[in-house]
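*Asks:* Input structure: protein06.cif, which contains mmCIF, C-alpha atoms.
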data_run
loop_
_atom_site.label_atom_id
_atom_site.label_comp_id
_atom_site.auth_asym_id
_atom_site.auth_seq_id
_atom_site.Cartn_x
_atom_site.Cartn_y
_atom_site.Cartn_z
CA MET A 1 111.77 103.70 60.69
CA ALA A 2 115.44 103.76 59.60
CA LYS A 3 114.90 100.53 57.66
CA SER A 4 111.94 102.00 55.78
CA LYS A 5 113.93 105.14 55.00
CA HIS A 6 116.77 102.98 53.64
CA LYS A 7 114.35 101.14 51.31
CA ASN A 8 112.94 104.40 50.00
CA SER A 9 116.46 105.73 49.39
CA ALA A 10 117.47 102.59 47.50
CA ARG A 11 114.30 102.78 45.40
CA ASN A 12 114.94 106.43 44.57
CA ASN A 13 118.55 105.73 43.58
CA LYS A 14 117.42 102.86 41.35
CA GLN A 15 114.86 105.07 39.64
CA LYS A 16 117.42 107.87 39.25
CA ASN A 17 119.95 105.50 37.66
CA LYS A 18 117.29 104.24 35.25
CA GLU A 19 116.46 107.79 34.22
CA HIS A 20 120.12 108.51 33.47
CA THR A 21 120.67 105.24 31.56
CA PRO A 22 121.00 105.86 27.80
CA PRO A 23 118.06 104.51 25.74
CA ALA A 24 120.33 102.09 23.86
CA ALA A 25 121.58 100.64 27.14
CA GLN A 26 117.99 100.27 28.40
CA LYS A 27 117.11 98.37 25.22
CA THR A 28 120.12 96.10 25.60
CA ALA A 29 119.12 95.34 29.19
CA LYS A 30 115.61 94.36 28.08
CA SER A 31 116.75 92.12 25.22
CA ALA A 32 120.14 90.92 26.41
CA ALA A 33 122.26 89.00 23.93
CA PRO A 34 122.46 85.23 24.50
CA ILE A 35 125.33 83.81 26.54
CA SER A 36 126.22 81.50 23.66
CA SER A 37 124.77 81.08 20.19
CA LEU A 38 125.22 79.38 16.83
CA VAL A 39 125.08 82.84 15.25
CA VAL A 40 127.90 85.21 16.22
CA SER A 41 129.40 88.47 15.07
CA LEU A 42 133.04 89.49 14.92
CA GLU A 43 133.79 93.14 15.67
CA PRO A 44 137.29 94.03 14.38
CA LEU A 45 139.05 96.27 16.91
CA ALA A 46 141.69 97.36 14.38
CA PRO A 47 141.98 97.43 10.58
CA LEU A 48 142.19 93.84 9.31
CA ILE A 49 145.25 92.71 7.36
CA ILE A 50 144.21 90.04 4.85
CA ARG A 51 146.88 89.19 2.29
CA SER A 52 146.36 87.44 -1.03
CA GLY A 53 149.37 85.16 -0.56
CA ARG A 54 151.77 87.05 -2.83
CA PRO A 55 155.39 86.63 -1.68
CA PHE A 56 157.31 89.51 -0.14
CA ALA A 57 159.91 90.71 -2.60
CA ALA A 58 161.55 93.90 -3.76
CA TYR A 59 159.48 94.02 -6.97
CA VAL A 60 156.12 93.42 -5.27
CA GLY A 61 154.04 96.50 -4.50
CA VAL A 62 151.35 96.99 -1.89
CA ASP A 63 148.99 94.08 -1.29
CA ASP A 64 145.58 95.74 -1.60
CA MET A 65 143.11 95.45 1.25
CA ARG A 66 140.74 92.50 1.05
CA PHE A 67 137.54 91.45 2.76
CA PRO A 68 138.26 88.44 5.03
CA PRO A 69 137.77 85.23 3.00
CA PRO A 70 135.66 82.42 4.51
CA SER A 71 138.70 80.29 5.41
CA THR A 72 140.10 83.13 7.55
CA ILE A 73 136.79 83.45 9.39
CA ALA A 74 136.56 79.67 9.78
CA GLY A 75 140.08 79.39 11.22
CA CYS A 76 139.37 82.15 13.73
CA LEU A 77 136.13 80.60 15.02
CA ARG A 78 137.47 77.03 15.07
CA ASN A 79 140.38 78.19 17.18
CA ALA A 80 138.01 80.07 19.53
CA TRP A 81 135.74 77.01 19.89
CA ALA A 82 138.72 74.71 20.55
CA ARG A 83 140.10 77.01 23.28
CA ALA A 84 136.68 77.33 24.90
CA THR A 85 135.95 73.58 24.93
CA GLY A 86 139.45 72.17 25.38
CA HIS A 87 139.33 70.46 21.99
CA PRO A 88 142.80 69.60 20.67
CA LEU A 89 144.13 71.76 17.84
CA ASP A 90 144.27 68.97 15.28
CA ALA A 91 142.88 68.18 11.84
CA SER A 92 139.47 67.21 13.25
CA LEU A 93 138.72 70.93 13.67
CA PHE A 94 138.27 71.17 9.90
CA ASN A 95 135.01 69.23 10.33
CA LEU A 96 133.42 72.14 12.23
CA GLU A 97 131.12 73.78 9.69
CA ILE A 98 131.19 77.57 9.36
CA SER A 99 128.89 79.75 7.21
CA GLY A 100 129.79 83.32 6.36
CA ALA A 101 130.63 86.01 6.60
CA LEU A 102 127.97 88.61 5.86
CA LEU A 103 128.03 92.10 7.33
CA LEU A 104 126.10 93.28 10.38
CA HIS A 105 125.40 97.00 10.72
CA PRO A 106 124.38 98.03 14.27
CA ASN A 107 123.14 101.57 14.91
CA GLU A 108 123.12 103.73 18.03
CA GLN A 109 119.73 102.30 19.08
CA GLY A 110 121.01 98.73 19.04
CA ASP A 111 119.08 97.69 15.92
CA LEU A 112 120.87 95.29 13.59
CA ARG A 113 120.78 95.30 9.78
CA VAL A 114 122.28 92.59 7.59
CA LEU A 115 124.28 93.63 4.51
CA ALA A 116 125.19 91.42 1.54
CA PRO A 117 127.54 91.88 -1.46
CA LYS A 118 126.18 93.79 -4.45
CA PRO A 119 124.94 91.35 -7.13
CA ALA A 120 127.07 91.27 -10.26
CA ASP A 121 124.06 91.92 -12.51
CA ALA A 122 123.48 95.36 -10.92
CA HIS A 123 125.34 98.19 -12.69
CA TYR A 124 125.83 101.82 -11.70
CA PHE A 125 125.61 104.66 -14.22
CA GLY A 126 125.86 108.44 -13.97
CA HIS A 127 127.05 110.75 -11.23
CA GLY A 128 125.47 113.06 -8.67
CA ASP A 129 121.71 113.49 -9.06
CA ASP A 130 121.81 111.44 -12.28
CA ALA A 131 123.34 108.37 -10.60
CA ARG A 132 121.23 105.22 -10.89
CA CYS A 133 121.41 101.45 -10.72
CA ILE A 134 120.25 99.33 -13.67
CA ARG A 135 119.80 95.57 -13.76
CA ALA A 136 121.03 93.21 -16.46
CA GLU A 137 118.94 90.20 -17.50
CA PRO A 138 119.47 87.14 -19.71
CA LYS A 139 118.18 87.95 -23.20
CA PRO A 140 118.90 86.35 -26.59
CA PHE A 141 121.13 88.06 -29.14
CA ASP A 142 119.63 90.28 -31.79
CA GLU A 143 119.46 88.77 -35.23
CA GLY A 144 122.89 88.63 -36.80
CA CYS A 145 124.73 88.99 -33.49
CA GLY A 146 126.65 86.36 -31.54
CA ALA A 147 129.55 85.59 -29.20
CA ASP A 148 131.83 82.74 -28.15
CA LEU A 149 129.63 81.80 -25.19
CA PRO A 150 129.14 78.09 -24.47
CA ALA A 151 126.21 76.58 -26.35
CA GLY A 152 122.92 77.31 -24.63
CA LEU A 153 124.23 80.20 -22.50
CA LEU A 154 122.41 83.51 -22.97
CA PRO A 155 124.15 86.90 -22.78
CA LEU A 156 123.18 89.54 -20.22
CA ARG A 157 121.72 92.78 -21.48
CA LEU A 158 120.73 95.95 -19.64
CA THR A 159 117.01 96.46 -19.18
CA VAL A 160 117.47 100.16 -20.01
CA ASP A 161 119.35 101.54 -23.02
CA GLU A 162 121.78 103.70 -21.06
CA LYS A 163 123.87 106.34 -22.81
CA VAL A 164 125.99 107.71 -19.94
CA LYS A 165 129.24 106.24 -18.64
CA ALA A 166 129.41 103.56 -15.97
CA SER A 167 130.13 104.75 -12.43
CA SER A 168 130.61 103.30 -8.95
CA GLY A 169 128.35 102.72 -5.97
CA PRO A 170 128.02 100.83 -2.69
CA HIS A 171 129.76 97.45 -2.64
CA TRP A 172 127.36 96.07 -0.02
CA TRP A 173 123.56 96.30 -0.04
CA ASP A 174 120.95 96.18 2.67
CA TRP A 175 119.43 92.69 2.81
CA LYS A 176 115.92 93.97 2.01
CA ASP A 177 117.21 95.80 -1.06
CA LEU A 178 118.87 92.60 -2.28
CA LEU A 179 115.66 90.57 -1.87
CA ALA A 180 113.67 93.25 -3.71
CA PHE A 181 116.21 93.26 -6.55
CA ARG A 182 116.25 89.49 -6.84
CA THR A 183 112.45 89.25 -7.09
CA GLY A 184 112.28 91.75 -9.94
CA GLN A 185 110.74 94.59 -7.98
CA GLU A 186 111.29 98.21 -8.96
CA MET A 187 114.92 99.19 -8.68
CA PRO A 188 115.76 101.06 -5.45
CA LYS A 189 116.94 104.61 -5.94
CA TYR A 190 120.70 105.09 -5.99
CA THR A 191 120.56 107.42 -2.99
CA GLU A 192 118.67 104.79 -0.98
CA LEU A 193 121.13 102.06 -1.93
CA LYS A 194 124.02 104.29 -0.90
CA GLU A 195 122.42 105.39 2.37
CA ARG A 196 121.58 101.85 3.46
CA GLY A 197 124.65 100.19 1.94
CA TRP A 198 128.39 100.27 2.61
CA SER A 199 131.65 100.55 0.75
CA PRO A 200 135.06 99.99 2.36
CA PRO A 201 136.84 103.26 3.17
CA MET A 202 140.35 104.00 1.99
CA GLY A 203 142.70 101.34 3.27
CA ASP A 204 144.98 101.73 6.26
CA ARG A 205 148.32 101.50 4.42
CA ARG A 206 151.53 100.87 6.34
CA ILE A 207 155.17 100.36 5.40
CA HIS A 208 157.14 97.51 6.99
CA VAL A 209 160.82 96.69 7.00
CA ALA A 210 162.82 93.73 8.29
CA ILE A 211 165.79 94.62 10.51
CA ASP A 212 169.01 92.63 10.46
CA SER A 213 169.73 91.73 14.11
CA LYS A 214 173.51 91.96 13.56
CA THR A 215 173.80 95.24 11.69
CA LEU A 216 170.53 96.77 12.96
CA ALA A 217 169.98 97.97 9.38
CA SER A 218 167.17 97.07 7.03
CA GLU A 219 167.52 93.86 5.07
CA ALA A 220 167.72 94.23 1.29
CA GLY A 221 164.46 93.46 -0.47
CA HIS A 222 162.50 93.27 2.79
CA LEU A 223 160.72 96.60 2.50
CA PHE A 224 157.01 95.97 1.87
CA GLN A 225 153.58 97.49 2.40
CA THR A 226 150.29 96.18 3.76
CA GLU A 227 146.84 97.71 3.57
CA GLY A 228 144.22 97.06 6.25
CA MET A 229 140.42 97.21 5.91
CA ASP A 230 138.83 99.43 8.57
CA PHE A 231 135.33 98.53 9.77
CA ALA A 232 134.99 101.58 12.02
CA PRO A 233 132.80 104.43 10.70
CA THR A 234 134.55 107.64 9.69
CA ASN A 235 133.45 111.20 9.27
CA GLN A 236 133.79 111.83 5.53
CA TRP A 237 134.30 115.56 6.06
CA LEU A 238 136.66 115.62 9.03
CA LYS A 239 138.41 112.38 8.10
CA GLU A 240 138.41 111.20 11.69
CA LYS A 241 136.65 108.51 13.69
CA VAL A 242 133.15 109.20 15.02
CA ASP A 243 131.40 107.70 18.02
CA LYS A 244 129.28 105.11 16.18
CA PRO A 245 129.17 101.31 16.37
CA ASN A 246 131.63 99.38 14.21
CA LEU A 247 130.45 97.12 11.43
CA ARG A 248 130.66 93.45 12.32
CA LEU A 249 131.11 90.18 10.45
CA LEU A 250 128.03 87.95 10.77
CA VAL A 251 128.76 84.21 10.88
CA ARG A 252 126.89 81.00 11.63
CA CYS A 253 128.72 78.13 13.34
CA ALA A 254 127.74 74.48 13.79
CA GLU A 255 128.62 74.73 17.51
CA PRO A 256 127.58 77.51 19.92
CA LEU A 257 130.18 80.14 20.81
CA SER A 258 130.38 82.56 23.72
CA GLU A 259 131.75 86.08 24.20
CA ASP A 260 135.49 86.10 23.59
CA LEU A 261 138.46 88.08 22.33
CA VAL A 262 140.02 86.48 19.24
CA TYR A 263 142.74 87.01 16.65
CA LEU A 264 141.52 87.64 13.11
CA GLY A 265 143.68 87.89 9.99
CA GLY A 266 147.35 88.80 9.80
CA GLU A 267 149.52 90.48 12.44
CA ARG A 268 147.30 89.04 15.19
CA ARG A 269 144.77 91.85 14.94
CA LEU A 270 142.13 91.62 17.69
CA ALA A 271 138.38 91.18 17.22
CA GLN A 272 135.55 90.89 19.74
CA LEU A 273 133.31 87.85 19.35
CA HIS A 274 129.65 88.55 20.20
CA PRO A 275 126.93 85.87 20.45
CA GLU A 276 123.85 87.07 18.55
CA PRO A 277 120.21 85.93 18.61
CA GLU A 278 119.77 83.13 16.07
CA ALA A 279 117.00 85.17 14.41
CA THR A 280 119.75 87.57 13.25
CA TRP A 281 120.74 85.06 10.55
CA PRO A 282 118.57 85.72 7.45
CA ILE A 283 115.59 83.42 6.91
CA ALA A 284 113.53 82.90 3.77
CA PRO A 285 110.43 85.11 3.33
CA PRO A 286 106.99 83.41 3.31
CA ASN A 287 106.16 81.37 0.16
CA TRP A 288 109.68 81.94 -1.15
CA PHE A 289 110.23 78.37 -2.36
CA GLU A 290 106.65 77.98 -3.60
CA ASN A 291 107.31 81.00 -5.83
CA ILE A 292 110.47 79.34 -7.20
CA VAL A 293 108.49 76.25 -8.21
CA LYS A 294 105.79 78.38 -9.84
CA ALA A 295 108.36 80.44 -11.74
CA GLY A 296 110.02 77.34 -13.18
CA GLY A 297 113.50 78.71 -12.54
CA LEU A 298 115.72 80.39 -9.99
CA THR A 299 118.77 82.57 -9.55
CA LEU A 300 121.65 81.68 -7.25
CA THR A 301 123.63 84.71 -6.05
CA LEU A 302 126.93 84.12 -4.25
CA LEU A 303 127.13 85.82 -0.84
CA THR A 304 130.68 84.59 -0.23
CA PRO A 305 133.45 83.82 -2.76
CA ALA A 306 133.38 80.36 -4.30
CA CYS A 307 135.90 77.94 -5.77
CA PHE A 308 134.77 75.72 -8.65
CA SER A 309 136.71 73.07 -10.53
CA ALA A 310 135.34 74.33 -13.84
CA GLY A 311 136.38 77.97 -13.41
CA TYR A 312 133.38 80.28 -13.50
CA ARG A 313 130.81 77.47 -13.22
CA PRO A 314 130.26 74.78 -10.58
CA GLY A 315 131.87 71.43 -11.27
CA TRP A 316 128.56 69.63 -10.72
CA LEU A 317 127.37 70.99 -14.07
CA ASP A 318 128.28 68.82 -17.07
CA GLU A 319 129.17 69.95 -20.60
CA THR A 320 125.48 70.50 -21.38
CA LEU A 321 125.33 72.92 -18.38
CA THR A 322 122.97 70.63 -16.45
CA GLY A 323 123.48 69.01 -13.07
CA GLU A 324 122.40 68.61 -9.45
CA PRO A 325 123.60 70.90 -6.63
CA PRO A 326 125.31 69.03 -3.78
CA GLN A 327 122.66 69.99 -1.19
CA VAL A 328 119.57 68.69 -3.04
CA SER A 329 119.86 65.24 -4.54
CA GLY A 330 117.56 64.77 -7.52
CA LEU A 331 117.15 68.49 -8.24
CA ARG A 332 118.17 68.88 -11.89
CA LEU A 333 119.08 72.39 -13.02
CA GLN A 334 120.12 73.82 -16.37
CA LEU A 335 122.36 76.91 -16.45
CA ILE A 336 120.91 79.66 -18.68
CA ALA A 337 123.20 82.63 -17.94
CA ALA A 338 125.88 83.85 -15.53
CA ALA A 339 127.12 87.23 -14.31
CA VAL A 340 130.67 86.87 -13.00
CA GLU A 341 133.18 89.59 -12.17
CA ARG A 342 136.98 89.31 -12.12
CA TRP A 343 138.33 86.35 -10.17
CA HIS A 344 140.20 86.82 -6.87
CA PRO A 345 143.51 85.09 -6.08
CA HIS A 346 143.65 83.19 -2.81
CA SER A 347 146.50 81.42 -1.06
CA GLY A 348 147.97 81.30 2.44
CA TRP A 349 150.35 79.49 4.73
CA ASP A 350 149.72 75.89 5.76
CA LEU A 351 150.68 75.58 9.43
CA ALA A 352 150.55 71.78 9.32
CA THR A 353 153.01 71.36 6.45
CA GLN A 354 154.87 74.65 7.00
CA GLN A 355 154.65 75.64 3.36
CA PRO A 356 152.52 77.95 1.20
CA ARG A 357 149.17 76.69 0.00
CA GLN A 358 148.43 76.35 -3.69
CA THR A 359 146.99 79.56 -5.19
CA ARG A 360 143.38 79.23 -6.28
CA LYS A 361 141.07 81.42 -8.35
CA LEU A 362 137.93 82.40 -6.46
CA VAL A 363 134.68 83.47 -8.08
CA ALA A 364 133.93 86.82 -6.46
CA ALA A 365 130.95 87.25 -4.13
CA GLY A 366 127.96 88.74 -5.94
CA ALA A 367 128.24 86.42 -8.95
CA THR A 368 124.77 85.38 -10.10
CA TYR A 369 123.65 82.26 -11.99
CA TRP A 370 120.31 81.78 -13.74
CA PHE A 371 118.89 78.24 -13.83
CA ARG A 372 115.87 76.53 -15.35
CA LEU A 373 114.19 73.81 -13.28
CA LEU A 374 114.21 70.59 -15.33
CA ASP A 375 111.94 68.81 -12.87
CA GLN A 376 109.05 69.81 -10.64
CA PRO A 377 110.63 69.75 -7.17
CA SER A 378 108.71 70.22 -3.96
CA PRO A 379 109.12 73.52 -2.10
CA ASN A 380 110.45 71.62 0.92
CA ALA A 381 113.24 70.11 -1.16
CA LEU A 382 114.37 73.58 -2.23
CA LYS A 383 114.75 74.76 1.36
CA SER A 384 118.14 73.06 1.54
CA LEU A 385 119.44 75.62 -0.98
CA TRP A 386 118.87 78.57 1.36
CA LEU A 387 122.27 80.17 2.15
CA SER A 388 124.05 76.87 1.55
CA SER A 389 127.30 76.32 -0.33
CA LEU A 390 127.51 75.56 -4.06
CA CYS A 391 131.20 74.54 -3.98
CA ASP A 392 132.37 71.23 -5.39
CA LEU A 393 134.67 70.19 -2.52
CA GLU A 394 133.18 69.26 0.83
CA GLN A 395 135.91 71.11 2.75
CA ASP A 396 135.18 74.32 0.86
CA ARG A 397 131.53 73.95 1.85
CA ARG A 398 132.53 73.44 5.50
CA ASP A 399 134.73 76.55 5.35
CA GLY A 400 131.82 78.71 4.18
CA TYR A 401 132.82 79.29 0.57
CA GLY A 402 130.10 79.70 -2.04
CA LEU A 403 127.09 80.53 0.15
CA ALA A 404 124.22 81.28 -2.23
CA LEU A 405 120.88 83.06 -2.09
CA PRO A 406 118.20 81.27 -4.18
CA ALA A 407 115.44 83.45 -5.62
CA PRO A 408 112.53 82.89 -8.03
CA TRP A 409 113.10 83.65 -11.71
CA THR A 410 110.98 82.93 -14.79
CA PRO A 411 113.09 81.59 -17.67
CA PRO A 412 112.29 82.69 -21.22
CA ASN A 413 109.93 80.33 -23.03
CA ALA A 414 109.48 78.35 -19.79
#
Take the structure in this file and express it as structure tokens.
*Replies:*
Amino acid sequence: MAKSKHKNSARNNKQKNKEHTPPAAQKTAKSAAPISSLVVSLEPLAPLIIRSGRPFAAYVGVDDMRFPPPSTIAGCLRNAWARATGHPLDASLFNLEISGALLLHPNEQGDLRVLAPKPADAHYFGHGDDARCIRAEPKPFDEGCGADLPAGLLPLRLTVDEKVKASSGPHWWDWKDLLAFRTGQEMPKYTELKERGWSPPMGDRRIHVAIDSKTLASEAGHLFQTEGMDFAPTNQWLKEKVDKPNLRLLVRCAEPLSEDLVYLGGERRLAQLHPEPEATWPIAPPNWFENIVKAGGLTLTLLTPACFSAGYRPGWLDETLTGEPPQVSGLRLQLIAAAVERWHPHSGWDLATQQPRQTRKLVAAGATYWFRLLDQPSPNALKSLWLSSLCDLEQDRRDGYGLALPAPWTPPNA
């Protein structure tokens, strides 16, 4: 009798605990995250300090906040994988391929949304209720007009003759909005883009000073500032943190990773590594590559910054703007137009040689290239282009630079 009463009591307590469990926690229990996965997210636990590589000096101002470049993400995950597996911290770690990072936006219910950089051919105009987003497309010059563009390269022109001044908008778009934009669908409303998108908040700016150990006074010329990027949501009215999930960095790794606490960026800022279901990484919609073949052309939009030997354009394009991307041998493309924003400086400190790395000019994420297909490739051959790197150097591709989204596009007079 006592045994039966004990069972009933345990059952009642279990039911009571279930009733008091928050819905989000119940959902997590039903669909628990994998123990290890090729797809992971990094949740920054403090504002990230990512410097451009400018030297500290008395005449140098604040180093503006930056989104973590692919090499920073790659170094973090390679170090985490080496510590977890016992792999030596040597040059062979550079062979571990990393892809990313995109943004992952979890909500209170545990649902995950992927965000991608705003494409460079999307432009914001107006303010308030009149704010809108307008696309730019490759179109030939009007008669009597011209520019110093390379031969064969078309200019970009707005699809709407807009009279108001340019404005600002979300720097990151919801993945579905990006796919809709790239396939020529009706432009999403500005309010929808802003509600589903994200822009970095004001940076976490701090002043640093070096102290002379002998005099305990500040060293001359060693007063500098850093600005961190905060991924935690803020209340825009109260200017204080709210109890909502942090944004995460979504990355794909060639080797599975498990839950861990890692260092990310400068000043050894902490981040939580979470294994995610592999389905979290974006996949191509049905008939996506068949539509590219039918269209006779495609766009390639950078999701991460890229480094090209020819400046704004990939080095695998020759002087006639034709070439083959490194992922698909035999796929001949001709560049028709390009939308590229201001380049980003990138440098760093080489731990192996104990000296600064050479500064490079990165093509900013969001840059878009329009290509004509010179051959009739098979849809299966084009699958290798999906979220793969367009960079010239193999190490840049392994580090995750230049990830691109291919999308169907019909060239003029195709």
*Asks:* So which one's closest to Lys176 in chain A, A:Lys214, A:Arg113, A:Arg78, A:Arg205? Using only C-alpha atoms, please.
*Replies:*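 So, comparing all the options, the nearest one is A:Arg113.
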*Asks:* Give as a ChimeraX atom specification the residues that the PyMOL selection byres ((chain A and resi 159) around 6) matches when applied to the coordinates above.
*Replies:* /A:136,158,160
*Asks:* Could you work out how far CA of Glu137 in chain A lies from CA of Arg157 in chain A, giving the answer in Å with one decimal?
*Replies:* 5.5 Å
*Asks:* Near Leu96 in chain A, within 7 Å and counting all atoms listed in the file, which residues show up once chain neighbours fewer than 3 positions away are dropped, as a PyMOL selection string?
*Replies:* chain A and resi 78+93+254+398
*Asks:* If we count only C-alpha atoms and set the cut-off at 12 Å, which residues sit around range 267-272 of chain A, ignoring sequence neighbours fewer than 4 positions away in its own chain? Please answer as a PyMOL selection string.
*Replies:* chain A and resi 40-51+73+76-77+80+208+226-231+246-249+258-263
*Asks:* Find the residues near range 125-127 of chain A: any atom within 9 Å, counting all atoms listed in the file, skip ones fewer than 5 places away on the same chain, and give them as a compact mmCIF listing (two decimals) with C-alpha atoms, in the coordinates of the input.
*Replies:*
# COMPACT_ATOMS: atom_id res chain seq x y z
CA ARG A 132 121.23 105.22 -10.89
CA CYS A 133 121.41 101.45 -10.72
CA ILE A 134 120.25 99.33 -13.67
CA GLU A 162 121.78 103.70 -21.06
CA LYS A 163 123.87 106.34 -22.81
CA VAL A 164 125.99 107.71 -19.94
CA LYS A 165 129.24 106.24 -18.64
CA ALA A 166 129.41 103.56 -15.97
CA SER A 167 130.13 104.75 -12.43
CA SER A 168 130.61 103.30 -8.95
CA GLY A 169 128.35 102.72 -5.97
*Asks:* Pick the closest to Gly402 in chain A from A:Ala310, A:Ala122, A:Ala365, A:Ala352: which is it, counting all atoms listed in the file?
*Replies:* A:Ala365
*Asks:* So that I can check the surroundings of Ala120 in chain A, please list as a list in words every protein, DNA and RNA residue that reaches within 12 Å of it, counting all atoms listed in the file and ignoring chain neighbours fewer than 6 positions away.
*Replies:*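 The contact residues come out as Cys133, Ile134, Arg135, Ala136, Glu137, Leu156, His171, Trp172, Trp173, Leu178, Phe181, Arg182, Leu300, Thr301, Leu302, Leu303, Ala338, Ala339, Val340, Glu341, Arg342, Val363, Ala364, Ala365, Gly366, Ala367, Thr368 and Tyr369 of chain A.
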*Asks:* Taking the file as I've supplied it (selection: the PyMOL selection byres ((chain A and resi 331) around 9)), which residues are included? Please answer as a ChimeraX atom specification.
*Replies:* /A:323-325,328-330,332-333,373-377,381-382
*Asks:* One number please: CA of Arg83 in chain A to CA of Tyr401 in chain A, in Å, one decimal.
*Replies:*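 If I compute the distance from CA of Arg83 in chain A to CA of Tyr401 in chain A, I get 24.0 Å.
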*Asks:* I'd like the interatomic distance between CA of Asn95 in chain A and CA of Asp396 in chain A, to a tenth of an Å.
*Replies:*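 Interatomic distance, CA of Asn95 in chain A to CA of Asp396 in chain A: 10.8 Å.
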*Asks:* Running the PyMOL selection byres ((chain A and resi 275-285) around 6) on this model by hand, what would come out? Give it as a PyMOL selection string.
*Replies:* chain A and resi 33+36-37+39-40+258+274+286+288
